[in-house]
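**Student:** Encoded as structure tokens, here's the structure I'll be asking about.
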Amino acid sequence: MAETITIEVARYRPEEEGEPALQSYEVPLNKDWVVLDALNHIKDHVDGSLSFRWSCRMGVCGSCGMTVNGEPKLTCATFLSHYAPGPIRVEPLKNFPVVRDLVIEMTDFLEKLQSVKPWIVRKDDPAPAKGEFLQTPEQLDEFKQFSMCINCMICYAACPVYGLDPQFVGPAAIALAQRYNLDSRDQGEQERLDVLSQHEGIWGCTFVGECTEVCPKNVDPAGAIQQYKLAATKDWFKSFLMPWSKQ
Amino acid sequence: MPSHDVLLVGGGGAGLRAAIAVSEVDPNLSVAVVSKVYPMRSHTVSAEGGSAAVIKEGDSLDEHAYDTISGGDWMCDQDAVELFVNEAPGEMLQLEHWGCPWSREPDGRVAVRPFGGMKKERTWFAADKTGFHMLHALFQTSLKYRSIARYDEWFVTRLLVEDGRVQGVVAIELMTGKIQAITAKSVILCTGGCGKVFPFTTNANIKNGDGMALAYRAGVPLKDMEFVQYHPTGLPFTGILITEASRAEGGFLLNKDGYRYLQDYDLGTPQPKPVLRSMELGPRDRLSQAFMKELDKGRTLEGPYGPYVHLDLTHLGKKIIDTKLPFVRELCLKYENIDPVSELIPVRPVVHYMMGGVHTDIQGATPLGGLFAAGEAACVSINGANRLGSNSLTELLVFGARAGQAAAEHALQDKPVSAGIEAQAADEKKRLEREFLHKSGGTEPIAGLRGEMQSIMEKSAGIYRTGTLLEEAQAKVAELKERFRQVAIQDHSHTFNTELTAALELSYMLDVAEAVVECALHRTESRGAHQRIDFPQRDDEGFLAHSLVSHRPDDRPKVEYLPVTITRWPPGERVYGRAAAPAPPG
């Protein structure tokens, strides 16, 4: 008999149960298996009703974020052996409503993302046929890190501010706003500042940097928020002292 | 019933490009993107190496066309290839204007890298996360178009067809389980490929050939389904792709003796630096076939997950790896506990891409009125018998845009929804309840049927095939389809029922498997990715033609042939690593 490990999974079927409860399963402790493989083993061979999201299994689609032993993780990049001898507890990401089992409701993020205008804003609109916008490797490096966000929601699950105030735009959306602000091809910084300034939530960010700590792609949302606060403060002073400077 | 002008099934690269194209034709047209996952989860996200388009001096559209056509073993429609290479640079520049973070030259111009089967450097890249950046740039850009409505996490179960035209879909809203008809004047299938029909694939869990099966069931033929691409370098066990860019940057493929074995298979002579259209930069079909021959000779290594060879990047140095191939390093460290800076990467061929797909013309139109397809789900065909690396990302832009424009034009001819559509939608709801949601007592577990399908496909429809094995697969797939009627569904709930979607996906894959096997059995020649041990030669007399396979209820599928369109490049020998390559005309 091969070695096994106990995995405790938060189950919640809203049509049947009032609240989530843990259910234990024994799964093979295969050294090559990630937590997601264990969940698939359960779904395929033990209980087909277990629901969770997953797709690429290579840490780039952002679907499979869950809470593993209390920490938000991409389950396709989290090995079972790391937790041996177990048990491993798998729960949905914190700070989000739970739809079912390990599936969270994340439409809130999609609305916030859209609100920060995550696209290139240009005052002019040169035809692509005229050629590419020039951008040196150094200019690319200015924003590249913030463009690596896979929208996995792990930073929101770790963010104490978002936990208390769901109105907070949140780490990933601010990082993506900064991604465009810092892109040499973009001219929309002011528009985004106006959007971000409308809500106070950002000032509640205590710079504990949980978001940066947990980010599986090293995006550093805390750094983006820091930069944004600085820009917003400058913008405020500018509009206060030199109201004519704003268009 | 919600109603739209144009409805996209799938929100990956092709779907989003098409959605934007519709909005740009006419911002008053209402567009719906219906996708079983949030768009940024789509499998475009996993593409790594790059996207091809002629941009540099010294390159030409004709050379890109010739590389594509010879790479496809002359199965590509040359009119399609010509317009593809012609429109590719414009589409890539458009994406640059939409913010895609392309890697750059020191002077700020877009950088290009070599790629397999390409005679010139023309592959644009965003380090080695090109698909990820393209998808996110497209998705984020799509957010600025008010006319694009999204149905995120809606699973399409059927096309609504009446009066000889498609008029919408039936879909399940996963969050609630609601089964809903959504009508539209034009529908574009952008659901991507079907790698999960096989056990070992780079493809994501969601790649089940949904759109191919939806079209097939609606009577639309699938084209060239026997042409399944094995990528030569996947990580054993996970099947995670190690991009061709790692060879383009100078990586070597080594057998167990540390020997660059590709030199034994008419792919050129080893050089210290990469040589275009030679050795490790040969086409994927030839490289995957070379692996199988090494295996026969006993010159591969053996691991817990089967035979493998080594990809050696150690001589590239840390700097090149970290700037050009950071994701490769991340994946190797994470999943194999190997650092490619100092260690060899174990790799083996892995199912990667479907050259075939829903039969379309160069506008993306299928034979069914109002139905279009683009991206990997479609077969135009620019990929022929073997796709060149870095043509597929470009394809989803060029043909996503074309399909979007054509679908928009079609939607502008205002045709009312037929009276029978509502009844059809009600029938589909009843079918889903009868066959799945209300069904009990099924005896066939989903995972069991899926596993049997995958293993017969690997055994019979893999890199090398024979008539005998394909006949075995034909019988087996028919048996599995029959047994699927007894599929076991334990979960009868409405909220995010992923057992239901897994069952529906399996039914799609069984249809796709049937189409693959049928086409492979009928094509008694060897061409590109379709290699028949019992018919080892290419047969231009008999088979310079696309397979069109049509579903027939209660009968074997029908296979017919459509001649390949040849414009300027008559069929010739595929030459790699030798000087004898004929120059392209003009």
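By convention in this document, the chains of the structure tokens carry letters A, B, ... by their order, each chain's residues are numbered from 1, and ligands are numbered from 1 in the order they are shown.
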Each residue of chain B with at least one atom at most 8 Å from chain A should appear once, together with its nearest atom pair and the corresponding distance in Å (one decimal); atoms considered: only C-alpha atoms; ordering: chain, then increasing residue number; output as CSV.
**Tutor:**
residue,atom,partner,partner_atom,distance
B:Met40,CA,A:Cys61,CA,6.9
B:Arg41,CA,A:Cys61,CA,4.7
B:Ser42,CA,A:Cys61,CA,7.1
B:His43,CA,A:Cys56,CA,7.0
B:Val45,CA,A:Cys61,CA,6.1
B:Ser46,CA,A:Val60,CA,6.6
B:Gly90,CA,A:Ala129,CA,6.0
B:Leu93,CA,A:Pro128,CA,5.4
B:Gln94,CA,A:Pro128,CA,5.2
B:Glu96,CA,A:Glu132,CA,6.5
B:His97,CA,A:Pro128,CA,6.6
B:Trp98,CA,A:Ile120,CA,5.9
B:Gly99,CA,A:Ile120,CA,5.9
B:Pro101,CA,A:Leu140,CA,7.0
B:Ser103,CA,A:Pro137,CA,7.2
B:Arg104,CA,A:Pro137,CA,5.6
B:Glu105,CA,A:Thr136,CA,6.8
B:Pro106,CA,A:Thr136,CA,5.7
B:Asp107,CA,A:Thr136,CA,6.0
B:Gly108,CA,A:Thr136,CA,3.9
B:Arg109,CA,A:Leu134,CA,5.5
B:Val110,CA,A:Glu132,CA,7.4
B:Phe132,CA,A:Val60,CA,7.4
B:His133,CA,A:Ser147,CA,7.8
B:Ala137,CA,A:Trp119,CA,7.5
B:Gln140,CA,A:Pro118,CA,5.6
B:Thr141,CA,A:Trp119,CA,5.1
B:Leu143,CA,A:Gln114,CA,6.0
B:Lys144,CA,A:Lys117,CA,7.3
B:Met175,CA,A:Val99,CA,7.1
B:Asn203,CA,A:Cys56,CA,7.1
B:Ala204,CA,A:Cys56,CA,4.2
B:Asn205,CA,A:Ser55,CA,4.7
B:Ile206,CA,A:Ser55,CA,5.9
B:Ile240,CA,A:Met58,CA,6.7
B:Leu331,CA,A:Met58,CA,7.4
B:Lys334,CA,A:Ala77,CA,7.1
B:Tyr335,CA,A:Ala77,CA,7.7
B:Ile446,CA,A:Asp44,CA,7.4
B:Ala447,CA,A:Asp44,CA,5.4
B:Ile489,CA,A:Gly48,CA,7.8
B:Gln490,CA,A:Gly48,CA,6.6
B:Asp491,CA,A:Ser49,CA,5.2
B:Ser493,CA,A:Glu15,CA,7.0
B:His494,CA,A:Glu15,CA,7.9
B:Thr495,CA,A:Arg100,CA,6.9
B:Phe496,CA,A:Arg100,CA,6.8
B:Asn497,CA,A:Ser51,CA,6.9
B:Thr498,CA,A:Ser51,CA,5.8
B:Glu499,CA,A:Gly48,CA,5.9
**Student:** Could you please write out, as an NGL selection string, every residue of range 244-442 of chain B that DSSP assigns to alpha helix (DSSP H)?
**Tutor:** :B and (245-248 or 284-296 or 317-324 or 326-336 or 391-412 or 421-432)
**Student:** Separation of CA of Glu433 in chain B and CA of Ile179 in chain B, in Å?
**Tutor:**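 That distance, rounded to one decimal, is 9.8 Å.
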**Student:** Can you tell me, as number ranges by chain, which residues in range 67-311 of chain B count as strand (DSSP E) by DSSP?
**Tutor:** B: 112-113, 123-124, 148-152, 154-162, 165-173, 178-189, 222-223, 228-234, 252-254, 301-303, 306-311
**Student:** Taking only C-alpha atoms into account, name the residue in B:Gly11, B:Gly298, B:Gly462, B:Pro270 that is nearest to Gly195 in chain B.
**Tutor:**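 Nearest candidate to Gly195 in chain B out of B:Gly11, B:Gly298, B:Gly462, B:Pro270: B:Gly462.
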**Student:** Which residue out of A:Ile174, A:Val98, A:Thr6, A:Val68 has the minimum interatomic distance to Glu19 in chain A when only C-alpha atoms are used?
**Tutor:**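 Closest candidate: A:Val98.
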**Student:** Just want the 12 Å neighbourhood of Lys293 in chain B, counted on only C-alpha atoms, with same-chain residues fewer than 3 positions away dropped. Output as a ChimeraX atom specification.
**Tutor:** /B:255,261-262,264-265,286-290,296-300,307,463-464
**Student:** Quick one: residues within 7 Å of range 507-520 of chain B, only C-alpha atoms, excluding same-chain residues fewer than 6 positions away - as an MDAnalysis selection string?
**Tutor:** chainID B and resid 197 208:210 213 225:226 461 470 473:474 477 481 547 549 559
**Student:** Could you save the residues just selected, with C-alpha atoms, as a CSV table (one decimal), in the first residue's frame?
**Tutor:**
chain,number,residue,atom,x,y,z
B,197,VAL,CA,-9.0,13.8,-26.1
B,208,ASN,CA,-12.4,19.5,-25.0
B,209,GLY,CA,-13.3,20.4,-28.5
B,210,ASP,CA,-16.6,22.0,-27.5
B,213,ALA,CA,-18.6,19.0,-31.4
B,225,MET,CA,-9.2,16.2,-38.1
B,226,GLU,CA,-6.5,13.5,-38.5
B,461,ALA,CA,-4.0,8.0,-33.3
B,470,LEU,CA,-7.3,2.8,-36.1
B,473,ALA,CA,-10.0,2.8,-32.1
B,474,GLN,CA,-13.0,3.2,-34.4
B,477,VAL,CA,-14.9,5.0,-29.6
B,481,LYS,CA,-20.2,6.5,-27.1
B,547,SER,CA,-10.8,15.6,-45.3
B,549,VAL,CA,-16.0,14.6,-41.9
B,559,VAL,CA,-15.7,11.4,-45.0
**Student:** Hey, can you check how far CA of Phe291 in chain B sits from CA of Asp539 in chain B?
**Tutor:**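 Pair CA of Phe291 in chain B / CA of Asp539 in chain B returns 24.1 Å.
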**Student:** Rounded to one decimal in Å, what is the spacing between CA of Gly163 in chain A and CA of Gly70 in chain A?
**Tutor:**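 Taking CA of Gly163 in chain A and CA of Gly70 in chain A, their separation equals 14.9 Å.
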